[in-house]
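Participant: Next comes the structure file upload.tsv, holding TSV, C-alpha atoms.
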```
chain	number	residue	atom	x	y	z
M	1	MET	CA	0.00	0.00	0.00
M	2	SER	CA	1.25	3.46	-0.80
M	3	GLY	CA	0.00	6.64	0.86
M	4	HIS	CA	1.37	7.00	4.34
M	5	THR	CA	-0.08	10.42	4.98
M	6	HIS	CA	-2.77	10.86	7.60
M	7	ASN	CA	-5.26	12.37	5.25
M	8	ALA	CA	-8.88	11.35	5.82
M	9	ASP	CA	-9.45	10.60	2.15
M	10	ASP	CA	-6.40	8.39	1.98
M	11	ARG	CA	-7.66	6.44	4.93
M	12	ARG	CA	-11.06	5.92	3.38
M	13	GLU	CA	-9.39	4.61	0.26
M	14	LEU	CA	-7.34	2.26	2.38
M	15	GLN	CA	-10.50	0.79	3.90
M	16	MET	CA	-11.96	0.22	0.50
M	17	ALA	CA	-8.74	-1.31	-0.75
M	18	ARG	CA	-8.76	-4.89	-1.83
M	19	SER	CA	-8.61	-7.48	0.87
M	20	MET	CA	-9.08	-11.20	0.95
M	21	CYS	CA	-12.10	-13.24	1.92
M	22	TRP	CA	-11.26	-15.21	5.05
M	23	HIS	CA	-13.08	-18.22	3.64
M	24	CYS	CA	-12.43	-18.60	-0.09
M	25	GLN	CA	-9.44	-16.25	-0.29
M	26	SER	CA	-10.84	-14.43	-3.27
M	27	GLU	CA	-10.08	-10.74	-3.60
M	28	MET	CA	-12.66	-8.35	-2.29
M	29	ALA	CA	-13.19	-4.60	-2.45
M	30	GLY	CA	-14.32	-3.80	1.07
M	31	GLU	CA	-17.85	-5.18	1.04
M	32	TYR	CA	-19.34	-6.94	4.04
M	33	PHE	CA	-20.07	-10.10	2.09
M	34	CYS	CA	-17.79	-11.99	-0.27
M	35	ASP	CA	-18.91	-11.84	-3.90
M	36	ARG	CA	-17.83	-15.34	-4.61
M	37	CYS	CA	-18.76	-17.47	-1.57
M	38	VAL	CA	-21.30	-15.04	0.00
M	39	LYS	CA	-19.72	-15.45	3.46
M	40	VAL	CA	-20.04	-12.58	5.94
M	41	GLN	CA	-16.79	-10.66	6.49
M	42	PRO	CA	-15.55	-9.21	9.78
M	43	VAL	CA	-15.77	-5.42	9.96
M	44	SER	CA	-12.19	-4.24	10.22
M	45	LYS	CA	-11.28	-2.73	13.58
M	46	ASP	CA	-9.58	0.08	11.71
M	47	LEU	CA	-12.79	1.00	9.97
M	48	ASP	CA	-14.15	4.25	11.34
M	49	TYR	CA	-17.84	4.53	12.18
M	50	PHE	CA	-18.56	6.98	9.37
M	51	THR	CA	-17.13	4.68	6.73
M	52	CYS	CA	-18.86	1.74	8.39
M	53	PHE	CA	-22.21	3.35	7.52
M	54	GLY	CA	-21.00	4.63	4.17
M	55	LEU	CA	-21.24	8.24	5.39
M	56	PRO	CA	-18.82	11.08	4.69
M	57	ARG	CA	-16.93	12.44	7.70
M	58	ARG	CA	-19.34	15.31	8.24
M	59	LEU	CA	-20.94	16.55	11.43
M	60	ALA	CA	-24.38	17.25	10.06
M	61	ILE	CA	-25.68	13.87	9.06
M	62	ASP	CA	-29.11	12.79	7.92
M	63	THR	CA	-30.24	10.73	10.90
M	64	GLN	CA	-32.86	9.01	8.78
M	65	VAL	CA	-30.23	7.77	6.39
M	66	LEU	CA	-28.16	6.66	9.38
M	67	GLU	CA	-31.11	4.84	10.90
M	68	SER	CA	-32.11	2.99	7.75
M	69	LYS	CA	-28.52	2.01	7.09
M	70	PHE	CA	-28.29	0.79	10.69
M	71	TYR	CA	-31.42	-1.36	10.31
M	72	GLU	CA	-30.19	-2.73	7.02
M	73	LEU	CA	-26.82	-3.76	8.43
M	74	SER	CA	-28.38	-4.99	11.69
M	75	ARG	CA	-30.45	-7.41	9.69
M	76	ALA	CA	-27.46	-8.47	7.63
M	77	PHE	CA	-25.32	-9.22	10.70
M	78	HIS	CA	-27.96	-10.35	13.19
M	79	PRO	CA	-26.78	-13.42	15.18
M	80	ASP	CA	-30.24	-15.01	14.83
M	81	PHE	CA	-29.57	-15.54	11.14
M	82	TYR	CA	-26.27	-17.29	11.82
M	83	GLN	CA	-27.43	-19.97	14.24
M	84	ASN	CA	-27.03	-22.71	11.65
M	85	LYS	CA	-23.77	-21.37	10.27
M	86	SER	CA	-20.18	-22.23	11.17
M	87	ASP	CA	-18.56	-21.07	14.41
M	88	ALA	CA	-16.41	-18.61	12.48
M	89	GLU	CA	-19.45	-17.00	10.90
M	90	GLN	CA	-21.33	-16.89	14.20
M	91	SER	CA	-18.46	-15.14	15.85
M	92	ILE	CA	-18.14	-12.63	12.98
M	93	SER	CA	-21.86	-11.95	13.20
M	94	LEU	CA	-21.58	-11.26	16.93
M	95	GLY	CA	-18.54	-9.03	16.56
M	96	ASN	CA	-20.04	-7.07	13.69
M	97	SER	CA	-23.33	-6.56	15.53
M	98	ALA	CA	-21.55	-5.25	18.63
M	99	MET	CA	-19.46	-2.88	16.56
M	100	LEU	CA	-22.51	-1.72	14.64
M	101	ASN	CA	-24.44	-0.93	17.81
M	102	THR	CA	-21.59	1.12	19.23
M	103	ALA	CA	-21.13	2.92	15.93
M	104	TYR	CA	-24.83	3.76	15.73
M	105	ARG	CA	-25.05	5.01	19.32
M	106	THR	CA	-21.99	7.19	18.77
M	107	LEU	CA	-23.08	8.77	15.51
M	108	ARG	CA	-26.72	9.24	16.49
M	109	ASP	CA	-25.90	11.84	19.13
M	110	PRO	CA	-24.42	15.07	17.72
M	111	ILE	CA	-22.13	15.66	20.70
M	112	GLN	CA	-20.82	12.11	20.75
M	113	ARG	CA	-20.41	12.34	16.99
M	114	ALA	CA	-18.25	15.44	17.37
M	115	GLU	CA	-16.22	13.86	20.21
M	116	TYR	CA	-15.66	10.83	18.03
M	117	LEU	CA	-14.59	12.94	15.08
M	118	LEU	CA	-12.09	14.73	17.32
M	119	ASP	CA	-10.67	11.37	18.38
M	120	LEU	CA	-10.36	10.32	14.77
M	121	GLU	CA	-8.66	13.52	13.73
M	122	ALA	CA	-6.39	13.68	16.77
M	123	GLY	CA	-3.82	11.63	14.88
M	124	SER	CA	-3.67	14.01	11.95
M	125	VAL	CA	-3.77	17.22	13.94
M	126	LYS	CA	-0.94	17.77	16.36
M	127	ASP	CA	-1.90	18.83	19.83
M	128	ILE	CA	-5.66	18.97	19.58
M	129	ARG	CA	-5.72	19.50	23.33
M	130	THR	CA	-5.57	23.11	24.28
M	131	SER	CA	-4.73	24.88	27.51
M	132	PRO	CA	-7.13	24.30	30.40
M	133	PRO	CA	-9.72	27.01	30.99
M	134	ALA	CA	-8.18	28.49	34.16
M	135	ASP	CA	-10.83	31.20	34.56
M	136	LEU	CA	-13.63	28.68	34.32
M	137	PHE	CA	-11.98	26.47	36.96
M	138	GLU	CA	-11.70	29.42	39.35
M	139	GLU	CA	-15.32	30.26	38.74
M	140	ILE	CA	-16.43	26.68	39.35
M	141	LEU	CA	-14.44	26.38	42.58
M	142	GLU	CA	-15.96	29.61	43.83
M	143	LEU	CA	-19.47	28.47	42.94
M	144	GLN	CA	-18.91	25.10	44.60
M	145	GLU	CA	-17.87	26.92	47.75
M	146	THR	CA	-21.04	28.98	47.75
M	147	LEU	CA	-22.99	25.76	47.20
M	148	ASP	CA	-21.27	24.18	50.21
M	149	GLU	CA	-22.04	27.22	52.28
M	150	PHE	CA	-25.68	27.04	51.25
M	151	ARG	CA	-25.93	23.31	52.00
M	152	GLU	CA	-24.63	23.88	55.51
M	153	SER	CA	-26.72	26.94	56.20
M	154	ASP	CA	-29.95	27.06	58.17
M	155	ARG	CA	-32.45	27.16	55.30
M	156	SER	CA	-34.83	29.50	57.12
M	157	SER	CA	-32.12	32.11	57.79
M	158	GLU	CA	-31.75	35.34	55.87
M	159	HIS	CA	-28.22	34.33	54.93
M	160	ALA	CA	-29.57	31.23	53.22
M	161	SER	CA	-32.07	33.18	51.17
M	162	THR	CA	-29.35	35.62	50.06
M	163	LEU	CA	-27.23	32.67	48.99
M	164	ARG	CA	-30.18	31.07	47.24
M	165	ALA	CA	-30.87	34.24	45.28
M	166	LYS	CA	-27.22	34.44	44.24
M	167	LEU	CA	-27.16	30.81	43.17
M	168	HIS	CA	-30.34	31.36	41.14
M	169	THR	CA	-28.71	34.21	39.25
M	170	ASP	CA	-25.58	32.13	38.69
M	171	ARG	CA	-27.68	29.32	37.35
M	172	THR	CA	-29.49	31.59	34.89
M	173	ASN	CA	-26.18	33.01	33.67
M	174	LEU	CA	-24.64	29.59	33.24
M	175	GLU	CA	-27.63	28.29	31.34
M	176	GLU	CA	-27.38	31.28	29.07
M	177	ARG	CA	-23.74	30.39	28.45
M	178	GLN	CA	-24.72	26.80	27.71
M	179	ARG	CA	-27.04	28.00	24.97
M	180	ASP	CA	-24.25	30.19	23.68
M	181	MET	CA	-21.86	27.25	23.51
M	182	GLU	CA	-24.42	25.10	21.69
M	183	ALA	CA	-24.85	27.84	19.09
M	184	LYS	CA	-21.08	28.19	18.66
M	185	LEU	CA	-20.74	24.44	18.29
M	186	GLN	CA	-23.38	24.40	15.57
M	187	GLN	CA	-21.45	27.11	13.72
M	188	LEU	CA	-18.23	25.11	13.99
M	189	PHE	CA	-20.02	21.99	12.74
M	190	SER	CA	-21.20	23.86	9.65
M	191	ARG	CA	-17.75	25.30	9.02
M	192	TRP	CA	-16.21	21.84	9.32
M	193	ASP	CA	-18.73	20.34	6.91
M	194	ALA	CA	-18.26	23.14	4.39
M	195	LEU	CA	-14.52	22.57	4.52
M	196	GLN	CA	-14.96	18.82	4.05
M	197	ASP	CA	-17.28	19.42	1.11
M	198	ARG	CA	-14.75	21.70	-0.59
M	199	GLY	CA	-12.14	18.99	-0.10
M	200	GLU	CA	-9.18	21.33	-0.63
M	201	ALA	CA	-5.72	20.14	0.34
M	202	THR	CA	-4.13	23.58	0.58
M	203	GLU	CA	-2.04	24.84	3.48
M	204	GLN	CA	-4.80	27.30	4.28
M	205	ALA	CA	-7.46	24.60	4.41
M	206	ARG	CA	-5.28	22.52	6.72
M	207	ALA	CA	-4.78	25.47	9.04
M	208	GLU	CA	-8.51	26.10	9.16
M	209	ARG	CA	-9.18	22.44	9.90
M	210	THR	CA	-6.84	22.56	12.87
M	211	LEU	CA	-8.40	25.75	14.13
M	212	ILE	CA	-11.94	24.39	13.89
M	213	LEU	CA	-10.97	21.16	15.65
M	214	LYS	CA	-9.25	23.05	18.46
M	215	ASP	CA	-12.21	25.36	18.96
M	216	MET	CA	-14.52	22.36	19.02
M	217	ARG	CA	-12.33	20.61	21.58
M	218	ASP	CA	-12.37	23.73	23.76
M	219	ILE	CA	-16.11	24.18	23.68
M	220	LEU	CA	-16.86	20.50	24.20
M	221	SER	CA	-14.60	20.40	27.28
M	222	ASN	CA	-15.97	23.61	28.74
M	223	ARG	CA	-19.45	22.36	28.05
M	224	THR	CA	-18.83	19.33	30.28
M	225	TYR	CA	-17.52	21.46	33.15
M	226	VAL	CA	-20.44	23.84	32.91
M	227	LYS	CA	-22.95	21.01	32.64
M	228	ASN	CA	-21.61	19.49	35.87
M	229	ILE	CA	-21.85	22.68	37.86
M	230	VAL	CA	-25.33	23.43	36.50
M	231	ASN	CA	-26.45	19.94	37.53
M	232	ASP	CA	-25.08	20.55	41.02
M	233	LEU	CA	-26.82	23.91	41.17
M	234	VAL	CA	-30.14	22.51	40.04
M	235	ALA	CA	-29.93	19.58	42.47
M	236	THR	CA	-29.12	21.87	45.41
M	237	ILE	CA	-31.48	24.80	44.97
M	238	ALA	CA	-34.40	23.09	43.25
G	239	MET	CA	-18.40	-1.56	39.66
G	240	ALA	CA	-17.52	-1.31	43.30
G	241	TYR	CA	-14.99	1.10	44.73
G	242	SER	CA	-12.07	-0.43	46.57
G	243	GLU	CA	-12.02	-0.17	50.36
G	244	LYS	CA	-9.24	2.40	50.23
G	245	VAL	CA	-11.18	4.62	47.85
G	246	VAL	CA	-14.23	4.45	50.10
G	247	ASP	CA	-12.10	5.28	53.13
G	248	HIS	CA	-10.57	8.36	51.47
G	249	PHE	CA	-13.99	9.37	50.20
G	250	ASN	CA	-15.61	9.12	53.64
G	251	ASN	CA	-12.66	10.54	55.55
G	252	PRO	CA	-10.84	12.80	53.13
G	253	ARG	CA	-7.41	13.85	54.44
G	254	ASN	CA	-6.29	17.43	54.17
G	255	MET	CA	-9.41	18.88	52.63
G	256	GLY	CA	-9.35	22.65	52.45
G	257	SER	CA	-7.24	25.42	51.04
G	258	PHE	CA	-4.45	27.91	51.71
G	259	LYS	CA	-4.38	31.51	50.62
G	260	LYS	CA	-2.91	31.51	47.13
G	261	GLU	CA	-0.82	34.60	47.76
G	262	GLU	CA	0.75	33.16	50.91
G	263	ASP	CA	4.52	32.72	50.86
G	264	GLY	CA	5.66	29.26	49.79
G	265	VAL	CA	2.21	28.17	48.61
G	266	GLY	CA	1.87	26.56	45.21
G	267	THR	CA	-1.57	26.07	43.68
G	268	GLY	CA	-2.57	23.68	40.93
G	269	ILE	CA	-6.05	23.67	39.45
G	270	VAL	CA	-6.78	21.05	36.81
G	271	GLY	CA	-9.79	19.46	35.19
G	272	ALA	CA	-10.70	16.36	33.25
G	273	PRO	CA	-12.65	17.31	30.14
G	274	GLU	CA	-13.96	13.74	29.78
G	275	CYS	CA	-15.96	13.84	32.99
G	276	GLY	CA	-15.91	17.49	34.01
G	277	ASP	CA	-14.18	16.87	37.35
G	278	VAL	CA	-12.24	19.81	38.78
G	279	MET	CA	-9.39	19.42	41.25
G	280	LYS	CA	-7.49	22.01	43.26
G	281	LEU	CA	-4.33	20.94	45.03
G	282	GLN	CA	-2.06	23.18	47.09
G	283	ILE	CA	1.31	22.71	48.70
G	284	LYS	CA	3.05	24.77	51.35
G	285	VAL	CA	6.83	24.68	51.05
G	286	GLN	CA	9.45	25.62	53.63
G	287	ASN	CA	13.17	25.11	53.02
G	288	ASP	CA	12.47	23.04	49.95
G	289	THR	CA	10.24	20.65	51.90
G	290	ILE	CA	6.49	20.35	51.60
G	291	VAL	CA	5.24	20.96	55.12
G	292	ASP	CA	1.54	20.89	54.34
G	293	ALA	CA	-0.82	20.08	51.49
G	294	LYS	CA	-4.52	20.62	50.90
G	295	PHE	CA	-7.04	19.75	48.21
G	296	LYS	CA	-10.54	20.43	47.06
G	297	THR	CA	-12.00	18.16	44.45
G	298	PHE	CA	-15.40	18.30	42.81
G	299	GLY	CA	-15.90	15.01	41.08
G	300	CYS	CA	-16.31	11.30	41.55
G	301	GLY	CA	-15.12	9.18	44.48
G	302	SER	CA	-11.96	8.09	42.71
G	303	ALA	CA	-10.94	11.66	41.93
G	304	ILE	CA	-11.51	12.66	45.55
G	305	ALA	CA	-9.58	9.62	46.83
G	306	SER	CA	-6.72	10.24	44.37
G	307	SER	CA	-6.25	13.83	45.48
G	308	SER	CA	-6.69	12.98	49.16
G	309	LEU	CA	-4.00	10.31	48.87
G	310	ALA	CA	-1.76	12.70	46.92
G	311	THR	CA	-1.84	15.27	49.73
G	312	GLU	CA	-0.93	12.55	52.24
G	313	TRP	CA	2.04	11.50	50.17
G	314	LEU	CA	3.18	15.04	49.49
G	315	LYS	CA	3.62	16.00	53.12
G	316	GLY	CA	7.24	15.68	54.21
G	317	LYS	CA	8.58	15.22	50.70
G	318	THR	CA	11.08	17.58	49.13
G	319	VAL	CA	10.00	19.46	46.03
G	320	GLU	CA	12.15	17.15	43.92
G	321	GLU	CA	10.71	13.98	45.44
G	322	ALA	CA	7.17	15.29	44.96
G	323	GLY	CA	7.80	15.65	41.24
G	324	LYS	CA	8.45	11.94	41.04
G	325	ILE	CA	5.00	10.84	42.18
G	326	LYS	CA	3.40	8.98	39.30
G	327	ASN	CA	-0.24	8.34	38.60
G	328	THR	CA	0.54	4.62	38.44
G	329	ASP	CA	1.55	4.74	42.12
G	330	ILE	CA	-1.90	6.10	42.92
G	331	VAL	CA	-3.62	3.50	40.73
G	332	GLN	CA	-1.77	0.77	42.57
G	333	GLU	CA	-2.40	2.09	46.05
G	334	LEU	CA	-6.10	2.69	45.47
G	335	ASN	CA	-6.71	-0.30	43.23
G	336	LEU	CA	-8.35	1.86	40.59
G	337	PRO	CA	-10.10	0.07	37.73
G	338	PRO	CA	-9.16	1.00	34.12
G	339	VAL	CA	-12.11	3.38	33.68
G	340	LYS	CA	-10.90	5.43	36.65
G	341	ILE	CA	-7.26	5.74	35.70
G	342	HIS	CA	-7.86	9.26	34.40
G	343	CYS	CA	-8.64	10.30	38.00
G	344	SER	CA	-5.10	9.39	39.03
G	345	VAL	CA	-3.74	11.23	35.99
G	346	LEU	CA	-5.68	14.25	37.15
G	347	ALA	CA	-4.03	14.02	40.58
G	348	GLU	CA	-0.56	13.77	39.03
G	349	ASP	CA	-1.33	16.77	36.82
G	350	ALA	CA	-2.50	18.70	39.88
G	351	ILE	CA	0.75	17.92	41.73
G	352	LYS	CA	2.79	19.05	38.72
G	353	ALA	CA	0.73	22.23	38.37
G	354	ALA	CA	1.13	23.05	42.07
G	355	LEU	CA	4.90	22.47	41.91
G	356	ALA	CA	5.19	24.61	38.79
G	357	ASP	CA	3.20	27.38	40.44
G	358	TYR	CA	5.41	27.22	43.54
G	359	GLN	CA	8.55	27.35	41.38
G	360	LYS	CA	7.24	30.26	39.38
G	361	LYS	CA	6.49	32.21	42.53
G	362	ALA	CA	9.89	31.35	44.03
G	363	ASP	CA	11.73	32.38	40.86
G	364	SER	CA	9.97	35.71	40.58
G	365	LYS	CA	11.09	36.75	44.04
```
Represent the structure of the file as structure tokens.
Facilitator:
Amino acid sequence: MSGHTHNADDRRELQMARSMCWHCQSEMAGEYFCDRCVKVQPVSKDLDYFTCFGLPRRLAIDTQVLESKFYELSRAFHPDFYQNKSDAEQSISLGNSAMLNTAYRTLRDPIQRAEYLLDLEAGSVKDIRTSPPADLFEEILELQETLDEFRESDRSSEHASTLRAKLHTDRTNLEERQRDMEAKLQQLFSRWDALQDRGEATEQARAERTLILKDMRDILSNRTYVKNIVNDLVATIA
Amino acid sequence: MAYSEKVVDHFNNPRNMGSFKKEEDGVGTGIVGAPECGDVMKLQIKVQNDTIVDAKFKTFGCGSAIASSSLATEWLKGKTVEEAGKIKNTDIVQELNLPPVKIHCSVLAEDAIKAALADYQKKADSK
């Protein structure tokens, strides 16, 4: 195989490259069933979930297409249909079904889909991790301290109601920020998809890719921190 | 999945919970987070004559993260700055019997130690 670069298109080609049927050893071109002997083939562990469903590596995906493809493949691999087949085929059917379920669960949820894409691209983009959000940490620690103070306070006291009012305001602000982050994420998703669709291999396109991925990583991380503190807030003052 | 006895013990009786004033002389502060789970950990050391005389932590996260940082503060006390830098997350994993899905909690504690040491060094150098 030639092509040692870490380009997404190269990798897709690699998956579709010819391989050999485990049973009749005839050459195949990446299908799930051998043309010649019709035996089921194991889904390669290197196959990414997008390729597994025949989808491009985009963040906006048609969930109906995903679902119908999932049902189609689920039927094709379902262990029930392999009960009378050989051990090898039964085990392939089990493995493929497990992989398919994980792939579907991951791609169905937009956030998990983005996290997965970041994992996939981490190899091709150096240092996708960015610096920790120090300000956000400080803010969270401070909020947690107020929460502790409130938990320990006498709920009927004036001090407690002052704290409660403050925590309510904090909660509203944080929820506002959550909406903000969601909107920014959506924008990044669209920018990523547009870039994928253009398919340019220029230096500029590569730089933009890296930037988009880093921004996505940042927002997704911050989103988790904020979600945790909002959950704590809601649980405590509700 | 059940927590090991040691994790439960640290969780129920956390050692050295609390904080020092950041500006205080000889205090190094490390604040780190795990983006996977959203846990946030603050670990502080107080250094005198190159030895860590006291350590405190505050962790908002799961039991393993709390236990990892609690254990870290116990280990830090009495160590020199150089020795403290040698604490590895694998030591914590071993001591607490952490399962594979909780290894990132021990990594967080190691990162927090490193961040606190770096902060102490930075403050010492700028004097």
Participant: In terms of the shortest atom-to-atom distance over only C-alpha atoms, which of G:Ile330, G:Ala310, G:Ile290, G:Ala353 is closest to chain M?
Facilitator: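 The shortest atom-to-atom distance to chain M comes from G:Ala353.
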Participant: One decimal, Å: what's the distance from atom CA of G:Asp292 over to atom CA of G:Lys315, could you say?
Facilitator: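 Value for the atom CA of G:Asp292-atom CA of G:Lys315 distance: 5.5 Å.
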Participant: Please determine the contact residues of chain M with respect to chain G at a cut-off of 6 Å, counting all atoms listed in the file, and supply them as a short mmCIF file (atom, residue, chain, number, x, y, z; two decimals) with C-alpha atoms, in the frame of the given file.
Facilitator:
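So iface_22.cif came out as:
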```cif
data_model
loop_
_atom_site.label_atom_id
_atom_site.label_comp_id
_atom_site.auth_asym_id
_atom_site.auth_seq_id
_atom_site.Cartn_x
_atom_site.Cartn_y
_atom_site.Cartn_z
CA SER M 221 -14.60 20.40 27.28
CA THR M 224 -18.83 19.33 30.28
CA TYR M 225 -17.52 21.46 33.15
#
```
Participant: How far is it from atom CA of G:Glu262 to atom CA of G:Lys324, in Å with one decimal?
Facilitator: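 Taking atom CA of G:Glu262 and atom CA of G:Lys324, their separation equals 24.6 Å.
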Participant: Mind giving me the straight-line distance from atom CA of G:Leu355 to atom CA of G:Pro252 in Å, one decimal?
Facilitator: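 Taking atom CA of G:Leu355 and atom CA of G:Pro252, their separation equals 21.6 Å.
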Participant: Counting all atoms listed in the file, which residues come within 12 Å of (0.3, 20.7, 43.1), with the point read in the file's coordinates, and could you list them as a VMD selection string?
Facilitator: chain G and resid 257 260 265 to 270 279 to 285 290 292 to 296 307 310 to 311 313 to 315 319 322 to 323 325 346 to 359
Participant: Would you kindly return, as a list in words, each protein, DNA or RNA residue with an atom no farther than 7 Å from any atom of stretch 43-51 of chain M, considering all atoms listed in the file and excluding same-chain residues fewer than 4 positions away?
Facilitator: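 My list of contacting residues is Gln15, Leu55, Pro56, Arg57, Asn96 and Ala103 of chain M.
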Participant: With distances taken over all atoms listed in the file, which of M:Glu208, M:Ile237, M:Ile92, M:Gly54 is nearest to M:Ser161?
Facilitator: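 Smallest distance to M:Ser161 is found for M:Ile237.
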Participant: What residues have an atom no more than 12 Å from (-28.8, 28.0, 30.6) in the file's own frame, counting all atoms listed in the file, and can you write them as a PyMOL selection string?
Facilitator: chain M and resi 168-182+223+226-227+229-231+233-234
Participant: Could you give me, as a list of chain:residue names, the residues within 12 Å of M:Leu188, counting all atoms listed in the file and dropping anything in the same chain fewer than 4 positions from it?
Facilitator: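 Near neighbours after the sequence-gap exclusion: M:Arg58, M:Leu59, M:Ala60, M:Ala114, M:Met181, M:Glu182, M:Ala183, M:Lys184, M:Trp192, M:Asp193, M:Ala194, M:Leu195, M:Glu208, M:Arg209, M:Thr210, M:Leu211, M:Ile212, M:Leu213, M:Lys214, M:Asp215, M:Met216, M:Arg217, M:Asp218, M:Ile219, M:Leu220.
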Participant: If we count only C-alpha atoms and set the cut-off at 12 Å, which residues sit around stretch 336-339 of chain G, ignoring sequence neighbours fewer than 6 positions away in its own chain? Please answer as a PyMOL selection string.
Facilitator: chain G and resi 239-246+274-275+300-303+305-306+327-330+345
